[in-house]
$ cat work-v9.cif   # mmCIF, C-alpha atoms and all ligand atoms
data_coords
#
loop_
_atom_site.label_atom_id
_atom_site.label_comp_id
_atom_site.auth_asym_id
_atom_site.auth_seq_id
_atom_site.Cartn_x
_atom_site.Cartn_y
_atom_site.Cartn_z
CA MET A 45 115.27 105.67 84.98
CA ASP A 46 116.10 108.46 87.44
CA ALA A 47 113.63 111.34 87.63
CA GLY A 48 114.70 114.28 85.57
CA SER A 49 117.97 112.73 84.43
CA MET A 50 116.79 110.79 81.42
CA ASP A 51 115.43 113.55 79.31
CA ALA A 52 116.52 117.14 79.67
CA GLU A 53 113.12 118.24 78.34
CA MET A 54 111.03 116.52 81.00
CA ASP A 55 111.45 116.65 84.74
CA TYR A 56 109.47 113.81 86.34
CA SER A 57 109.75 114.97 89.94
CA ALA A 58 106.66 115.91 91.98
CA PRO A 59 105.88 119.63 92.40
CA PRO A 60 106.41 121.28 95.83
CA TYR A 61 103.43 120.66 98.16
CA ASP A 62 102.21 124.24 97.95
CA GLU A 63 101.79 123.82 94.15
CA TRP A 64 99.83 120.55 94.29
CA ASP A 65 96.40 122.16 93.95
CA SER A 66 97.29 124.02 90.76
CA ALA A 67 99.54 121.34 89.20
CA GLN A 68 99.00 119.92 85.69
CA PRO A 69 100.88 116.58 85.80
CA TYR A 70 99.37 114.72 82.82
CA GLU A 71 101.99 115.99 80.35
CA GLN A 72 104.69 114.60 82.64
CA TRP A 73 102.88 111.25 83.08
CA ASP A 74 102.09 110.95 79.35
CA HIS A 75 105.77 111.49 78.58
CA ALA A 76 106.82 108.98 81.24
CA ARG A 77 104.42 106.30 79.93
CA ARG A 78 105.98 106.60 76.48
CA HIS A 79 109.63 106.92 77.47
CA CYS A 80 110.18 105.64 81.00
CA PRO A 81 107.04 104.11 82.57
CA VAL A 82 108.82 103.26 85.84
CA ILE A 83 110.38 106.42 87.31
CA ARG A 84 113.03 106.11 90.03
CA GLU A 85 113.63 109.08 92.32
CA GLU A 86 116.01 109.83 95.18
CA GLY A 87 114.30 109.27 98.53
CA ILE A 88 114.82 111.31 101.70
CA SER A 89 116.43 109.63 104.72
CA PHE A 90 115.60 110.66 108.28
CA THR A 91 118.23 108.29 109.76
CA ASP A 92 121.90 107.38 109.15
CA GLU A 93 120.73 104.72 106.69
CA PRO A 94 120.94 105.72 103.04
CA ALA A 95 117.53 106.63 101.65
CA LEU A 96 115.72 104.09 99.52
CA HIS A 97 114.71 105.14 96.03
CA ARG A 98 111.04 105.87 95.39
CA PHE A 99 109.36 104.34 92.34
CA THR A 100 106.50 105.85 90.35
CA LEU A 101 104.49 103.64 87.97
CA THR A 102 102.60 105.16 85.05
CA SER A 103 101.47 102.29 82.78
CA TRP A 104 98.28 100.20 83.04
CA ASP A 105 100.11 96.85 83.20
CA ASP A 106 102.50 97.88 85.97
CA ALA A 107 99.76 99.54 88.04
CA ASP A 108 97.49 96.52 87.63
CA GLN A 109 100.25 94.06 88.59
CA VAL A 110 101.25 95.96 91.73
CA LEU A 111 97.76 96.73 93.04
CA ARG A 112 96.67 93.09 92.74
CA ASP A 113 99.81 91.65 94.37
CA TRP A 114 99.39 92.64 98.02
CA ARG A 115 102.00 90.11 99.19
CA THR A 116 104.80 91.85 97.30
CA PHE A 117 103.39 95.39 97.53
CA SER A 118 101.97 96.10 100.97
CA ALA A 119 99.40 98.79 101.75
CA SER A 120 100.99 99.23 105.21
CA ILE A 121 102.62 102.44 103.97
CA ASN A 122 99.18 104.10 104.26
CA ALA A 123 98.96 103.12 107.93
CA GLU A 124 102.52 104.39 108.61
CA VAL A 125 101.54 107.85 107.41
CA MET A 126 97.94 108.10 108.63
CA ARG A 127 97.61 105.89 111.74
CA PRO A 128 98.40 108.72 114.22
CA TYR A 129 95.41 110.66 112.84
CA MET A 130 92.97 108.06 111.54
CA GLY A 131 93.65 105.18 113.94
CA GLU A 132 93.13 101.61 112.70
CA LEU A 133 93.01 102.11 108.98
CA LEU A 134 91.35 99.71 106.53
CA LEU A 135 93.46 101.19 103.76
CA GLY A 136 96.68 100.24 105.61
CA LEU A 137 96.01 96.51 106.12
CA ASP A 138 96.92 93.49 103.99
CA GLY A 139 95.74 89.94 103.48
CA ASP A 140 93.35 88.22 105.88
CA GLU A 141 93.30 91.06 108.38
CA HIS A 142 92.18 93.44 105.63
CA ARG A 143 89.64 90.98 104.24
CA ARG A 144 88.01 90.37 107.65
CA TYR A 145 87.75 94.10 108.41
CA ARG A 146 86.44 94.90 104.91
CA ASN A 147 83.83 92.12 105.09
CA LEU A 148 82.42 93.72 108.23
CA VAL A 149 81.87 97.10 106.59
CA ALA A 150 81.28 96.05 102.96
CA TYR A 151 77.59 95.22 103.36
CA ALA A 152 76.69 98.90 103.77
CA PHE A 153 78.29 99.78 100.42
CA ARG A 154 76.78 97.09 98.21
CA ARG A 155 74.76 98.38 95.30
CA SER A 156 71.58 96.73 96.61
CA THR A 157 71.98 98.16 100.15
CA LEU A 158 72.65 101.61 98.77
CA GLU A 159 69.53 101.74 96.65
CA ARG A 160 67.45 102.85 99.66
CA TRP A 161 69.60 105.96 100.09
CA ARG A 162 68.86 107.18 96.57
CA ALA A 163 65.30 108.38 97.28
CA GLU A 164 65.68 108.82 101.04
CA LEU A 165 68.82 110.93 101.05
CA ILE A 166 70.73 111.55 97.82
CA VAL A 167 67.86 113.07 95.80
CA PRO A 168 66.61 115.31 98.68
CA VAL A 169 70.14 116.59 99.41
CA ILE A 170 70.87 117.60 95.80
CA ASP A 171 67.35 119.05 95.39
CA ALA A 172 67.78 121.24 98.47
CA LEU A 173 71.14 122.50 97.19
CA LEU A 174 69.66 123.31 93.77
CA ASP A 175 66.63 125.00 95.38
CA GLY A 176 69.16 127.42 96.87
CA ILE A 177 70.43 128.60 93.47
CA ALA A 178 67.69 127.84 90.90
CA GLY A 179 66.17 131.32 91.08
CA ALA A 180 69.47 133.20 90.76
CA GLY A 181 70.32 132.55 87.09
CA ARG A 182 74.05 132.37 87.88
CA ALA A 183 76.22 130.45 90.36
CA ASP A 184 79.57 128.91 91.04
CA LEU A 185 78.48 125.26 90.96
CA VAL A 186 81.53 124.11 92.95
CA ALA A 187 81.00 126.53 95.85
CA SER A 188 77.20 126.15 95.93
CA VAL A 189 76.54 122.57 94.89
CA THR A 190 79.30 120.02 94.17
CA SER A 191 81.46 120.71 97.27
CA ARG A 192 78.42 120.49 99.58
CA PHE A 193 76.72 117.44 98.15
CA PRO A 194 78.72 114.26 98.99
CA VAL A 195 79.66 115.40 102.50
CA GLN A 196 75.99 115.74 103.42
CA VAL A 197 75.24 112.36 101.88
CA ILE A 198 78.00 110.65 103.89
CA CYS A 199 76.84 112.29 107.12
CA GLY A 200 73.29 111.09 106.40
CA ILE A 201 74.44 107.53 105.68
CA VAL A 202 76.64 107.40 108.78
CA GLY A 203 73.87 108.84 110.94
CA VAL A 204 75.57 112.09 111.95
CA PRO A 205 73.05 114.96 112.27
CA THR A 206 73.15 116.82 108.92
CA ALA A 207 73.33 120.13 110.79
CA ASP A 208 76.85 119.12 111.96
CA HIS A 209 78.23 118.33 108.52
CA GLU A 210 80.37 121.47 108.34
CA GLN A 211 82.05 120.68 111.66
CA PHE A 212 82.56 117.13 110.52
CA ASN A 213 84.07 118.31 107.26
CA GLU A 214 86.48 120.61 109.07
CA TRP A 215 87.75 117.80 111.32
CA SER A 216 88.18 115.52 108.37
CA ILE A 217 90.28 118.09 106.47
CA ARG A 218 92.53 118.52 109.56
CA ILE A 219 92.86 114.76 109.93
CA ASN A 220 93.81 114.50 106.26
CA TYR A 221 96.49 117.17 106.67
CA GLY A 222 97.75 115.49 109.89
CA PRO A 223 101.12 114.46 108.37
CA LEU A 224 101.82 118.13 107.55
CA TYR A 225 100.30 119.69 110.72
CA PRO A 226 100.48 116.93 113.38
CA GLU A 227 99.17 118.94 116.34
CA GLU A 228 95.99 120.05 114.58
CA GLY A 229 95.55 116.58 113.05
CA SER A 230 95.72 114.85 116.43
CA ALA A 231 93.38 117.39 118.05
CA ALA A 232 90.79 116.93 115.27
CA SER A 233 91.11 113.14 115.49
CA GLN A 234 90.37 113.23 119.24
CA ALA A 235 87.55 115.78 118.80
CA MET A 236 85.83 113.60 116.21
CA ARG A 237 86.09 110.59 118.50
CA ASP A 238 84.67 112.55 121.47
CA TYR A 239 81.79 113.70 119.28
CA LEU A 240 81.06 110.20 117.92
CA GLU A 241 81.34 108.31 121.19
CA PRO A 242 77.84 109.08 122.53
CA LEU A 243 76.35 108.38 119.07
CA VAL A 244 78.09 104.99 118.92
CA GLU A 245 76.91 104.11 122.43
CA ALA A 246 73.35 105.15 121.58
CA ARG A 247 73.31 102.92 118.47
CA ARG A 248 74.74 100.06 120.49
CA ALA A 249 71.74 100.33 122.82
CA GLU A 250 69.24 100.98 120.04
CA PRO A 251 70.04 100.51 116.33
CA THR A 252 68.38 103.04 114.00
CA GLY A 253 69.19 101.62 110.55
CA ASP A 254 72.08 103.97 109.75
CA LEU A 255 75.71 102.99 109.08
CA LEU A 256 76.74 103.61 112.70
CA SER A 257 74.14 101.06 113.82
CA GLU A 258 75.40 98.56 111.24
CA LEU A 259 79.03 99.05 112.25
CA VAL A 260 78.45 98.46 115.96
CA HIS A 261 76.30 95.37 115.35
CA ALA A 262 78.09 93.89 112.30
CA GLU A 263 79.26 90.33 112.83
CA VAL A 264 80.98 87.99 110.38
CA ASP A 265 81.97 84.46 111.53
CA GLY A 266 81.55 85.54 115.14
CA ALA A 267 83.91 88.53 114.71
CA ARG A 268 82.88 92.11 115.49
CA LEU A 269 84.58 95.44 114.89
CA THR A 270 86.53 96.80 117.86
CA ASP A 271 85.84 100.40 118.87
CA GLU A 272 89.23 101.42 117.43
CA LYS A 273 88.27 99.95 114.06
CA ILE A 274 84.87 101.67 114.14
CA TYR A 275 86.44 105.09 114.80
CA GLY A 276 89.24 104.39 112.31
CA PHE A 277 86.68 103.57 109.63
CA LEU A 278 84.60 106.66 110.33
CA ARG A 279 87.70 108.89 110.22
CA LEU A 280 88.56 107.46 106.78
CA LEU A 281 85.06 107.57 105.38
CA LEU A 282 84.50 111.27 105.22
CA PRO A 283 87.64 112.32 103.35
CA ALA A 284 87.46 109.15 101.21
CA GLY A 285 83.86 109.76 100.22
CA ALA A 286 83.44 113.53 100.22
CA GLU A 287 86.68 115.02 98.90
CA THR A 288 86.80 112.56 96.01
CA THR A 289 83.24 112.55 94.69
CA TYR A 290 82.77 116.30 94.76
CA ARG A 291 85.80 116.81 92.56
CA ALA A 292 84.63 114.16 90.07
CA PHE A 293 81.19 115.81 89.97
CA GLY A 294 82.79 119.13 88.99
CA SER A 295 84.92 117.46 86.30
CA CYS A 296 81.88 115.71 84.82
CA LEU A 297 79.89 118.96 84.66
CA LEU A 298 82.85 120.77 83.10
CA ALA A 299 83.27 118.01 80.48
CA LEU A 300 79.65 118.64 79.43
CA LEU A 301 79.79 122.45 79.70
CA ASP A 302 82.85 122.49 77.44
CA ARG A 303 81.07 120.32 74.86
CA PRO A 304 77.63 121.80 74.10
CA GLY A 305 76.93 119.00 71.57
CA ALA A 306 77.45 116.28 74.19
CA MET A 307 75.52 118.37 76.75
CA ALA A 308 72.51 118.57 74.39
CA ARG A 309 72.61 114.82 73.72
CA VAL A 310 72.81 113.93 77.42
CA ARG A 311 70.10 116.43 78.32
CA ALA A 312 67.77 114.90 75.72
CA ASP A 313 68.64 111.25 76.42
CA ARG A 314 69.34 110.57 80.08
CA SER A 315 70.33 106.97 79.41
CA LEU A 316 73.67 108.58 78.37
CA VAL A 317 74.36 109.92 81.90
CA PRO A 318 76.15 106.75 83.11
CA ALA A 319 78.44 106.88 80.04
CA ALA A 320 79.24 110.55 80.72
CA VAL A 321 80.09 109.72 84.34
CA GLU A 322 82.20 106.68 83.47
CA GLU A 323 84.14 108.48 80.75
CA THR A 324 84.84 111.34 83.17
CA LEU A 325 86.16 108.91 85.78
CA ARG A 326 88.51 107.42 83.19
CA TRP A 327 89.54 110.77 81.73
CA GLU A 328 89.94 112.84 84.91
CA THR A 329 89.76 110.74 88.06
CA SER A 330 89.75 112.83 91.22
CA VAL A 331 92.26 110.48 92.93
CA THR A 332 95.29 110.15 90.68
CA MET A 333 97.71 108.11 92.81
CA VAL A 334 97.89 105.48 95.53
CA ALA A 335 100.84 104.12 97.54
CA ARG A 336 102.40 100.75 98.39
CA ARG A 337 105.72 99.48 99.80
CA ALA A 338 107.73 96.57 98.36
CA THR A 339 107.98 93.76 100.94
CA THR A 340 110.80 91.92 99.14
CA ASP A 341 113.36 92.47 96.39
CA THR A 342 111.31 92.40 93.22
CA GLU A 343 110.94 94.03 89.81
CA VAL A 344 108.30 96.03 87.96
CA GLY A 345 108.34 96.66 84.22
CA GLY A 346 111.87 95.24 84.06
CA CYS A 347 113.21 97.60 86.80
CA PRO A 348 114.66 96.12 89.99
CA VAL A 349 112.77 97.38 93.08
CA PRO A 350 114.57 96.65 96.39
CA ALA A 351 112.64 95.48 99.49
CA GLY A 352 111.27 98.42 101.49
CA SER A 353 111.02 100.82 98.52
CA PRO A 354 107.98 103.10 98.46
CA VAL A 355 106.00 102.79 95.22
CA SER A 356 103.53 105.38 93.86
CA ILE A 357 100.98 103.95 91.47
CA ILE A 358 99.59 106.65 89.19
CA ASN A 359 96.15 105.19 88.55
CA GLY A 360 95.18 108.38 86.68
CA SER A 361 97.98 107.72 84.19
CA ALA A 362 97.04 104.01 83.92
CA SER A 363 93.58 105.12 82.72
CA HIS A 364 95.31 107.13 79.95
CA ASP A 365 97.45 104.25 78.70
CA GLU A 366 97.41 104.38 74.91
CA ALA A 367 98.00 100.63 74.84
CA ARG A 368 94.39 100.35 76.11
CA TRP A 369 92.58 103.43 74.75
CA ASP A 370 92.79 105.43 71.51
CA GLU A 371 93.34 109.14 72.12
CA PRO A 372 93.08 108.70 75.89
CA ALA A 373 93.36 112.42 76.65
CA GLU A 374 90.07 113.07 74.79
CA TRP A 375 86.72 112.95 76.62
CA ASP A 376 84.50 110.90 74.32
CA LEU A 377 80.88 110.19 75.19
CA ASP A 378 80.77 107.35 72.65
CA ARG A 379 83.90 105.60 73.83
CA GLU A 380 83.49 101.86 74.21
CA SER A 381 83.22 101.07 77.90
CA ARG A 382 86.25 99.32 79.42
CA GLN A 383 87.44 99.00 82.99
CA HIS A 384 89.43 102.09 84.06
CA MET A 385 91.44 102.66 87.21
CA ALA A 386 89.72 105.63 88.86
CA PHE A 387 88.77 103.39 91.79
CA GLY A 388 92.05 101.45 91.86
CA THR A 389 91.99 97.66 91.58
CA GLY A 390 92.81 94.59 93.68
CA PRO A 391 91.82 94.08 97.33
CA HIS A 392 91.63 97.78 98.20
CA GLN A 393 89.50 98.76 95.20
CA CYS A 394 87.28 101.64 96.30
CA LEU A 395 84.64 100.47 98.73
CA GLY A 396 82.47 103.48 97.89
CA MET A 397 82.48 103.18 94.09
CA HIS A 398 78.79 102.25 93.78
CA LEU A 399 77.86 105.14 96.05
CA ALA A 400 80.11 107.51 94.06
CA ARG A 401 78.50 106.44 90.77
CA MET A 402 75.01 106.79 92.23
CA GLU A 403 75.75 110.29 93.57
CA LEU A 404 77.30 111.38 90.27
CA GLU A 405 74.41 110.07 88.18
CA VAL A 406 71.74 111.54 90.45
CA GLY A 407 73.73 114.79 90.66
CA VAL A 408 74.17 115.25 86.89
CA ASN A 409 70.50 114.46 86.22
CA ALA A 410 69.35 116.92 88.87
CA VAL A 411 71.56 119.72 87.53
CA LEU A 412 70.22 119.15 84.00
CA ASP A 413 66.61 119.03 85.27
CA ARG A 414 66.78 122.09 87.46
CA LEU A 415 69.08 124.49 85.54
CA PRO A 416 67.66 125.03 82.03
CA ASN A 417 69.95 126.44 79.33
CA LEU A 418 72.99 125.77 81.53
CA ARG A 419 76.24 127.21 80.12
CA LEU A 420 79.59 128.55 81.25
CA ASP A 421 79.59 132.23 82.22
CA PRO A 422 81.40 133.88 79.26
CA ASP A 423 82.50 136.82 81.46
CA ALA A 424 84.23 134.64 84.04
CA GLU A 425 87.62 132.98 83.71
CA HIS A 426 87.32 129.66 81.87
CA PRO A 427 87.47 126.89 84.53
CA VAL A 428 90.10 124.16 84.27
CA ILE A 429 90.63 120.87 86.08
CA SER A 430 93.79 121.04 88.18
CA GLY A 431 95.68 119.20 90.93
CA TYR A 432 98.44 116.64 91.44
CA ALA A 433 97.09 113.92 93.79
CA PHE A 434 93.46 115.14 93.81
CA ARG A 435 91.95 116.74 90.70
CA GLY A 436 88.86 118.74 89.88
CA PRO A 437 87.87 122.28 88.79
CA PRO A 438 88.25 124.73 91.74
CA SER A 439 85.25 126.71 90.46
CA LEU A 440 82.48 126.42 87.83
CA PRO A 441 80.92 129.83 87.08
CA VAL A 442 77.73 129.21 85.10
CA LEU A 443 74.60 130.95 83.80
CA TYR A 444 71.12 129.37 83.36
CA ASP A 445 67.49 130.39 83.05
CA PRO A 446 66.14 131.17 86.54
CA SER A 447 63.20 129.05 87.63
C1 LIG A 501 84.79 109.55 92.48
C2 LIG A 501 84.90 109.21 93.73
C3 LIG A 501 85.96 108.30 94.30
C4 LIG A 501 87.20 107.97 93.82
C5 LIG A 501 87.87 108.45 92.53
C6 LIG A 501 87.78 107.05 94.77
C7 LIG A 501 89.03 106.44 94.61
C8 LIG A 501 89.54 105.45 95.44
C9 LIG A 501 90.75 104.72 95.19
C10 LIG A 501 91.70 104.92 94.00
C11 LIG A 501 90.90 103.82 96.20
C12 LIG A 501 92.02 102.76 96.35
C13 LIG A 501 93.10 103.17 97.32
C14 LIG A 501 94.27 102.22 97.33
O1 LIG A 501 94.29 101.22 96.60
O2 LIG A 501 95.23 102.52 98.06
C15 LIG A 501 89.79 103.99 97.12
C16 LIG A 501 89.59 103.28 98.29
C17 LIG A 501 88.57 103.53 99.17
N1 LIG A 501 87.49 104.38 98.97
FE1 LIG A 501 87.13 105.53 97.35
N2 LIG A 501 86.91 106.85 95.79
C18 LIG A 501 85.77 107.58 95.55
C19 LIG A 501 84.63 107.63 96.32
C20 LIG A 501 84.46 106.99 97.53
C21 LIG A 501 83.26 107.05 98.35
C22 LIG A 501 81.98 107.77 97.99
C23 LIG A 501 83.54 106.32 99.49
C24 LIG A 501 82.69 106.03 100.70
C25 LIG A 501 81.65 106.57 101.05
C26 LIG A 501 84.88 105.79 99.37
C27 LIG A 501 85.50 105.00 100.30
C28 LIG A 501 86.70 104.33 100.10
C29 LIG A 501 87.27 103.42 101.07
C30 LIG A 501 86.71 103.09 102.45
C31 LIG A 501 88.46 102.92 100.49
C32 LIG A 501 89.43 101.92 101.12
C33 LIG A 501 89.07 100.51 100.71
C34 LIG A 501 90.03 99.48 101.29
O3 LIG A 501 91.10 99.83 101.80
O4 LIG A 501 89.70 98.26 101.20
N3 LIG A 501 85.40 106.22 98.16
N4 LIG A 501 88.96 104.99 96.61
#
$ encode --input "work-v9.cif" --output "structure tokens"
Amino acid sequence: MDAGSMDAEMDYSAPPYDEWDSAQPYEQWDHARRHCPVIREEGISFTDEPALHRFTLTSWDDADQVLRDWRTFSASINAEVMRPYMGELLLGLDGDEHRRYRNLVAYAFRRSTLERWRAELIVPVIDALLDGIAGAGRADLVASVTSRFPVQVICGIVGVPTADHEQFNEWSIRINYGPLYPEEGSAASQAMRDYLEPLVEARRAEPTGDLLSELVHAEVDGARLTDEKIYGFLRLLLPAGAETTYRAFGSCLLALLDRPGAMARVRADRSLVPAAVEETLRWETSVTMVARRATTDTEVGGCPVPAGSPVSIINGSASHDEARWDEPAEWDLDRESRQHMAFGTGPHQCLGMHLARMELEVGVNAVLDRLPNLRLDPDAEHPVISGYAFRGPPSLPVLYDPS
């Protein structure tokens, strides 16, 4: 069904870029799932060729089918957009090439490998951030805690001096916005490489147990990562790991702050923290959509999709599919656990999902331990989760008993 044409009451088209941060797309996606789960929109052509239509998928079944079938729906579209800024991109490869590359970096993100970072890095980072606000009795938890936490953890895991994390963050934001501001994106991409080069060379000579050391020495079936792949992976890692987890952390805290009953239960029984995190990831994932391109004439949900068509998979909407969950828009601490799609699925399923879960669980526990009587500031504007492609609360003004 063409966007906007099927139902005069609902326009399915994406908001203009400058409204993405404040957008509230779930009403649109909920409507689409019920009335037209595969949306077809006019594409834009930059050549004499007519533009291909773009397809947007909103149901669980269609999202699941497309993300698992890499032969028919290629991830190369991610490389087309980001290669000039990120270089050789794991997220843009298919098939064997993707599997070989992923095998070389996957070891560092296994649950068992990550366990060492919990006490060595994740707990000290969140404790230091909370030390900074515990005595104040009031804070914006996004500005002071959630937005600073995962970026420092990633820098620590990679082996970048923590003192440089702000510089690193700034480059990664510019690289991310490369498609919109190519000059700045390319400059940041080169600057990050220049900065990393001596670190990579040092680890080559003498491994120190961090991720950089693992990347330069990793070998599977005699294959090693090329320098281009190492830099490409590092350029992806920061935005993939920092921008995403901090938003989910804010959404999880807001879910609890808005529900004092659930907050009291979780505070009293910490075995409920994983359920609170998992339900938040289902209910309000920070990454709502991923992209693929059809490699051949095919069909999804009964709609013909011509070869070459770009396809947006709304994984956020798939996790709200009422065919899978009752009252999916509700955050329910007691909901029976079932696989959601916050981390995608298929060969590109999030490499950092165990790290994200660990950071969120440690983070929520630390906030509850260190900020007694935590509640929303009644004099501040009530925070809301917003965003089109990335979602989270832009601020979380809270009060607590100073300690
Ligand atoms: C709540 C936090 C996170 C969310 C919601 C999230 C979401 C996602 C999603 C949906 C994908 C699939 C993309 C696709 O299929 O096109 C993905 C891939 C990926 N994520 Fe995450 N992510 C999170 C945290 C992290 C962290 C902490 C890291 C690393 C430190 C990370 C690293 C990656 C990488 C490297 C990929 C690409 C995997 C591949 O192409 O094989 N993510 N993530």
$ residues_around --input "work-v9.cif" --residues "A:Pro422" --least-positions-apart "3" --cutoff "9 Å" --atoms "all atoms listed in the file" --output "ChimeraX atom specification"
/A:419,425-426,441-443
$ closest_residue --input "work-v9.cif" --among "A:Ser430, A:Ala286, A:Leu111, A:Glu322" --to "A:Asp65" --atoms "only C-alpha atoms"
A:Ser430
$ closest_residue --input "work-v9.cif" --among "A:Ile170, A:Ala150, A:Leu185, A:Ile217" --to "ligand LIG 501 (chain A)" --atoms "all atoms listed in the file"
A:Ala150
$ closest_residue --input "work-v9.cif" --among "A:Ala231, A:Ile357, A:Ala299, A:Ile274" --to "A:Val334" --atoms "all atoms listed in the file"
A:Ile357
$ atom_distance --input "work-v9.cif" --atom1 "atom CA of A:Arg268" --atom2 "atom CA of A:Asn213"
27.5 Å
$ axis_aligned_box --input "work-v9.cif" --around "ligand LIG 501 (chain A)" --padding-each-side "3 Å" --output "lines of an AutoDock Vina configuration file"
center_x = 88.4
center_y = 103.9
center_z = 97.5
size_x = 19.6
size_y = 17.3
size_z = 16.0
$ residues_around --input "work-v9.cif" --residues "A:Val321" --least-positions-apart "2" --cutoff "10 Å" --atoms "all atoms listed in the file" --output "list in words"
Ala292, Phe293, Ser295, Cys296, Leu297, Ala299, Leu316, Val317, Pro318, Ala319, Glu323, Thr324, Leu325, Arg326, Trp327, Leu377, Ala400, Arg401, Met402, Leu404, Glu405 and Val408 of chain A
$ write_last_selection --input "work-v9.cif" --atoms "C-alpha atoms" --output "compact mmCIF listing (two decimals), in the frame of the given file"
# COMPACT_ATOMS: atom_id res chain seq x y z
CA ALA A 292 84.63 114.16 90.07
CA PHE A 293 81.19 115.81 89.97
CA SER A 295 84.92 117.46 86.30
CA CYS A 296 81.88 115.71 84.82
CA LEU A 297 79.89 118.96 84.66
CA ALA A 299 83.27 118.01 80.48
CA LEU A 316 73.67 108.58 78.37
CA VAL A 317 74.36 109.92 81.90
CA PRO A 318 76.15 106.75 83.11
CA ALA A 319 78.44 106.88 80.04
CA GLU A 323 84.14 108.48 80.75
CA THR A 324 84.84 111.34 83.17
CA LEU A 325 86.16 108.91 85.78
CA ARG A 326 88.51 107.42 83.19
CA TRP A 327 89.54 110.77 81.73
CA LEU A 377 80.88 110.19 75.19
CA ALA A 400 80.11 107.51 94.06
CA ARG A 401 78.50 106.44 90.77
CA MET A 402 75.01 106.79 92.23
CA LEU A 404 77.30 111.38 90.27
CA GLU A 405 74.41 110.07 88.18
CA VAL A 408 74.17 115.25 86.89
$ closest_residue --input "work-v9.cif" --among "A:Glu227, A:Trp375, A:Gly396, A:Glu343" --to "A:Leu282" --atoms "only C-alpha atoms"
A:Gly396
$ residues_around --input "work-v9.cif" --residues "A:Ala178" --least-positions-apart "5" --cutoff "10 Å" --atoms "all atoms listed in the file" --output "list in words"
Asp171, Leu173, Ala183, Val411, Arg414, Leu415, Pro416, Tyr444, Asp445, Pro446 and Ser447 of chain A
$ residues_near_ligand --input "work-v9.cif" --ligand "ligand LIG 501 (chain A)" --cutoff "8 Å" --atoms "all atoms listed in the file" --output "VMD selection string"
chain A and resid 111 119 122 133 to 137 142 to 143 146 153 194 198 277 280 to 282 284 to 293 325 329 to 336 359 385 to 401
$ closest_residue --input "work-v9.cif" --among "A:Ala262, A:Ala246, A:Ile201, A:Ala351" --to "A:Arg160" --atoms "all atoms listed in the file"
A:Ile201
